[in-house]
$ cat run-v8.cif   # mmCIF, C-alpha atoms
data_run
#
loop_
_atom_site.label_atom_id
_atom_site.label_comp_id
_atom_site.auth_asym_id
_atom_site.auth_seq_id
_atom_site.Cartn_x
_atom_site.Cartn_y
_atom_site.Cartn_z
CA MET M 1 29.21 46.61 21.67
CA ILE M 2 25.84 45.11 20.79
CA ARG M 3 24.93 41.98 22.66
CA LYS M 4 23.64 39.23 20.38
CA GLU M 5 20.44 37.67 21.56
CA GLU M 6 17.62 35.94 19.80
CA ARG M 7 14.99 38.40 18.70
CA THR M 8 11.49 37.36 17.71
CA LEU M 9 8.32 38.89 16.33
CA ARG M 10 4.94 37.31 16.87
CA GLY M 11 1.95 38.08 14.69
CA GLN M 12 0.01 37.39 11.53
CA ILE M 13 1.43 37.37 8.00
CA ILE M 14 -0.41 39.98 5.93
CA TYR M 15 1.82 40.00 2.82
CA ILE M 16 4.36 37.71 1.13
CA SER M 17 6.36 38.75 -1.93
CA GLY M 18 7.82 36.56 -4.60
CA ILE M 19 11.56 36.42 -5.17
CA ILE M 20 12.95 39.90 -5.76
CA ASN M 21 16.15 40.30 -7.79
CA LYS M 22 17.95 43.49 -6.69
CA HIS M 23 20.13 44.97 -9.42
CA ASN M 24 21.28 41.49 -10.53
CA ARG M 25 23.44 41.33 -7.39
CA PHE M 26 21.33 39.46 -4.88
CA THR M 27 17.87 38.07 -4.37
CA LYS M 28 15.51 38.43 -1.45
CA ARG M 29 11.95 37.77 -0.32
CA GLU M 30 9.88 40.16 1.74
CA PHE M 31 6.89 39.62 3.98
CA VAL M 32 4.93 41.74 6.43
CA ILE M 33 3.87 40.73 9.94
CA LYS M 34 1.06 42.46 11.80
CA THR M 35 2.02 42.12 15.46
CA ASP M 36 -0.53 40.78 17.92
CA ASP M 37 -0.22 43.72 20.31
CA GLU M 38 -3.88 44.56 20.90
CA ASP M 39 -3.37 48.23 21.79
CA TYR M 40 -0.85 49.24 19.13
CA PRO M 41 -0.39 46.53 16.47
CA GLN M 42 2.44 47.23 14.06
CA GLU M 43 2.92 46.18 10.46
CA ILE M 44 6.58 45.25 10.15
CA LYS M 45 8.35 44.39 6.90
CA CYS M 46 10.85 41.55 7.18
CA GLU M 47 13.30 40.22 4.61
CA ILE M 48 14.95 36.93 3.85
CA LEU M 49 18.21 37.70 2.08
CA LYS M 50 19.83 34.31 1.72
CA GLU M 51 18.35 31.85 -0.74
CA LYS M 52 19.05 28.98 1.63
CA TYR M 53 16.34 30.42 3.93
CA PHE M 54 13.69 31.08 1.24
CA HIS M 55 12.09 27.71 2.01
CA HIS M 56 10.90 29.10 5.37
CA LEU M 57 8.16 30.95 3.46
CA ASP M 58 7.12 27.87 1.49
CA GLY M 59 3.77 26.64 2.74
CA ARG M 60 3.14 29.91 4.59
CA ALA M 61 0.20 32.06 3.55
CA GLU M 62 -1.26 35.43 4.33
CA GLY M 63 -3.32 35.00 7.48
CA ASP M 64 -0.95 32.49 9.14
CA PHE M 65 0.06 33.27 12.72
CA VAL M 66 3.83 32.96 13.06
CA VAL M 67 6.83 33.58 15.25
CA VAL M 68 9.74 35.07 13.28
CA SER M 69 13.34 34.88 14.50
CA PHE M 70 15.47 37.67 13.08
CA ASN M 71 18.65 39.71 13.18
CA LEU M 72 18.44 43.50 13.18
CA LYS M 73 20.87 44.98 10.66
CA GLY M 74 21.77 48.59 9.96
CA ARG M 75 24.05 50.37 7.56
CA SER M 76 24.75 53.77 6.06
CA TRP M 77 25.10 54.89 2.46
CA VAL M 78 26.41 58.16 1.08
CA ASN M 79 24.35 59.28 -1.92
CA PRO M 80 25.79 61.19 -4.90
CA LYS M 81 24.94 64.52 -3.18
CA GLY M 82 27.18 63.55 -0.27
CA GLU M 83 24.28 62.99 2.15
CA THR M 84 24.46 60.03 4.49
CA ILE M 85 21.34 57.87 4.54
CA TYR M 86 20.76 55.15 7.12
CA PHE M 87 18.92 51.87 6.55
CA ASN M 88 17.62 49.22 8.92
CA THR M 89 16.74 45.69 7.91
CA ILE M 90 14.93 42.98 9.80
CA GLU M 91 16.67 39.92 8.38
CA SER M 92 14.65 36.80 9.15
CA TRP M 93 16.22 33.38 9.46
CA LYS M 94 13.39 31.27 10.91
CA ILE M 95 9.60 31.36 10.62
CA ALA M 96 7.56 29.05 12.82
CA ILE M 97 3.80 28.59 12.57
CA THR M 98 1.88 29.20 15.77
CA SER M 99 -1.81 28.70 16.25
CA GLU M 100 -4.43 31.38 16.05
CA LEU M 101 -5.67 30.10 19.41
CA ASP M 102 -2.39 31.14 21.07
CA SER M 103 -2.80 34.68 19.82
CA GLN M 104 -6.50 34.80 20.71
CA GLN M 105 -5.77 33.36 24.16
CA ALA M 106 -3.21 36.11 24.81
CA ARG M 107 -5.80 38.76 23.87
CA ASP M 108 -8.44 37.09 26.07
CA ASN M 109 -6.06 36.93 29.04
CA LYS M 110 -5.29 40.63 28.66
CA MET M 111 -9.01 41.43 28.44
CA PHE M 112 -9.76 39.46 31.63
CA GLU M 113 -6.91 41.21 33.46
CA THR M 114 -8.42 44.58 32.46
CA ILE M 115 -11.89 43.48 33.64
CA ASP M 116 -10.47 42.27 36.98
CA GLU M 117 -8.63 45.59 37.46
CA ALA M 118 -11.84 47.51 36.72
CA LYS M 119 -13.81 45.39 39.23
CA ALA M 120 -11.17 45.94 41.90
CA TYR M 121 -11.21 49.71 41.29
CA LYS M 122 -15.02 49.79 41.44
CA ALA M 123 -15.10 47.78 44.65
CA LYS M 124 -12.49 50.01 46.30
CA PHE M 125 -13.67 53.46 45.27
CA ILE M 126 -17.18 53.38 43.82
CA ASP M 127 -19.03 50.72 45.81
CA LYS M 128 -18.09 52.14 49.21
CA PRO M 129 -20.96 51.97 51.66
CA ALA M 130 -22.62 55.33 52.31
CA ASN M 131 -22.07 55.02 56.07
CA ASP M 132 -18.29 54.64 56.02
CA LEU M 133 -17.79 57.19 58.79
CA PRO M 134 -15.70 55.88 61.70
CA PHE M 135 -18.30 56.90 64.35
#

$ encode --input "run-v8.cif" --output "structure tokens"
Amino acid sequence: MIRKEERTLRGQIIYISGIINKHNRFTKREFVIKTDDEDYPQEIKCEILKEKYFHHLDGRAEGDFVVVSFNLKGRSWVNPKGETIYFNTIESWKIAITSELDSQQARDNKMFETIDEAKAYKAKFIDKPANDLPF
């Protein structure tokens, strides 16, 4: 059993598609978020599958910093050769604007933590006095 919990992505929008009509069966919109993880940022494609949620992308632009609430969906499909192929979808249902300052502040805080750790290491191991003998 999968426990349902709210999942979110935080980052910057780097791409927004128009409305995509898939095989005259359903419509969707896609967008890509570049996460604000400083060490290993990811570019993650998200989809909005229900037209009633398309308005969440209205007024959003590439470069906006956002928090995206989503459901993770997965399914399988058997192709004509009999091979099973698996698909995952990040189905978004809410997109909230956040400020660039929030993202920059998170990076700055991480940088200061790294500097403090480096200073503590230097003080403990490198800056030992030369006469640290016990006698």

$ closest_residue --input "run-v8.cif" --among "M:Ile44, M:Ile90, M:Ile33, M:Ile97" --to "Asn71 (chain M)" --atoms "only C-alpha atoms"
M:Ile90

$ residues_around --input "run-v8.cif" --residues "His56 (chain M)" --least-positions-apart "6" --cutoff "12 Å" --atoms "all atoms listed in the file" --output "VMD selection string"
chain M and resid 16 29 to 31 47 to 50 66 to 69 92 to 97

$ atom_distance --input "run-v8.cif" --atom1 "CA of Thr27 (chain M)" --atom2 "CA of Phe54 (chain M)"
9.9 Å

$ atom_distance --input "run-v8.cif" --atom1 "CA of Lys73 (chain M)" --atom2 "CA of Thr89 (chain M)"
5.0 Å

$ residues_around --input "run-v8.cif" --residues "Ala61 (chain M)" --least-positions-apart "6" --cutoff "9 Å" --atoms "all atoms listed in the file" --output "short mmCIF file (atom, residue, chain, number, x, y, z; two decimals) with C-alpha atoms, in the frame of the given file"
data_model
loop_
_atom_site.label_atom_id
_atom_site.label_comp_id
_atom_site.auth_asym_id
_atom_site.auth_seq_id
_atom_site.Cartn_x
_atom_site.Cartn_y
_atom_site.Cartn_z
CA ILE M 13 1.43 37.37 8.00
CA ILE M 14 -0.41 39.98 5.93
CA TYR M 15 1.82 40.00 2.82
CA ILE M 16 4.36 37.71 1.13
#

$ closest_residue --input "run-v8.cif" --among "M:Trp77, M:Phe87, M:Phe65, M:Phe26" --to "Glu51 (chain M)" --atoms "all atoms listed in the file"
M:Phe26

$ closest_residue --input "run-v8.cif" --among "M:His23, M:Lys52, M:Cys46, M:Gly74" --to "Glu91 (chain M)" --atoms "all atoms listed in the file"
M:Cys46

$ atom_distance --input "run-v8.cif" --atom1 "CA of Asn24 (chain M)" --atom2 "CA of Arg75 (chain M)"
20.3 Å

$ closest_residue --input "run-v8.cif" --among "M:Pro80, M:Gly11, M:Pro41, M:Gly18" --to "Gly63 (chain M)" --atoms "all atoms listed in the file"
M:Gly11

$ closest_residue --input "run-v8.cif" --among "M:Val78, M:Val32, M:Ile85, M:Leu72" --to "Glu6 (chain M)" --atoms "all atoms listed in the file"
M:Leu72
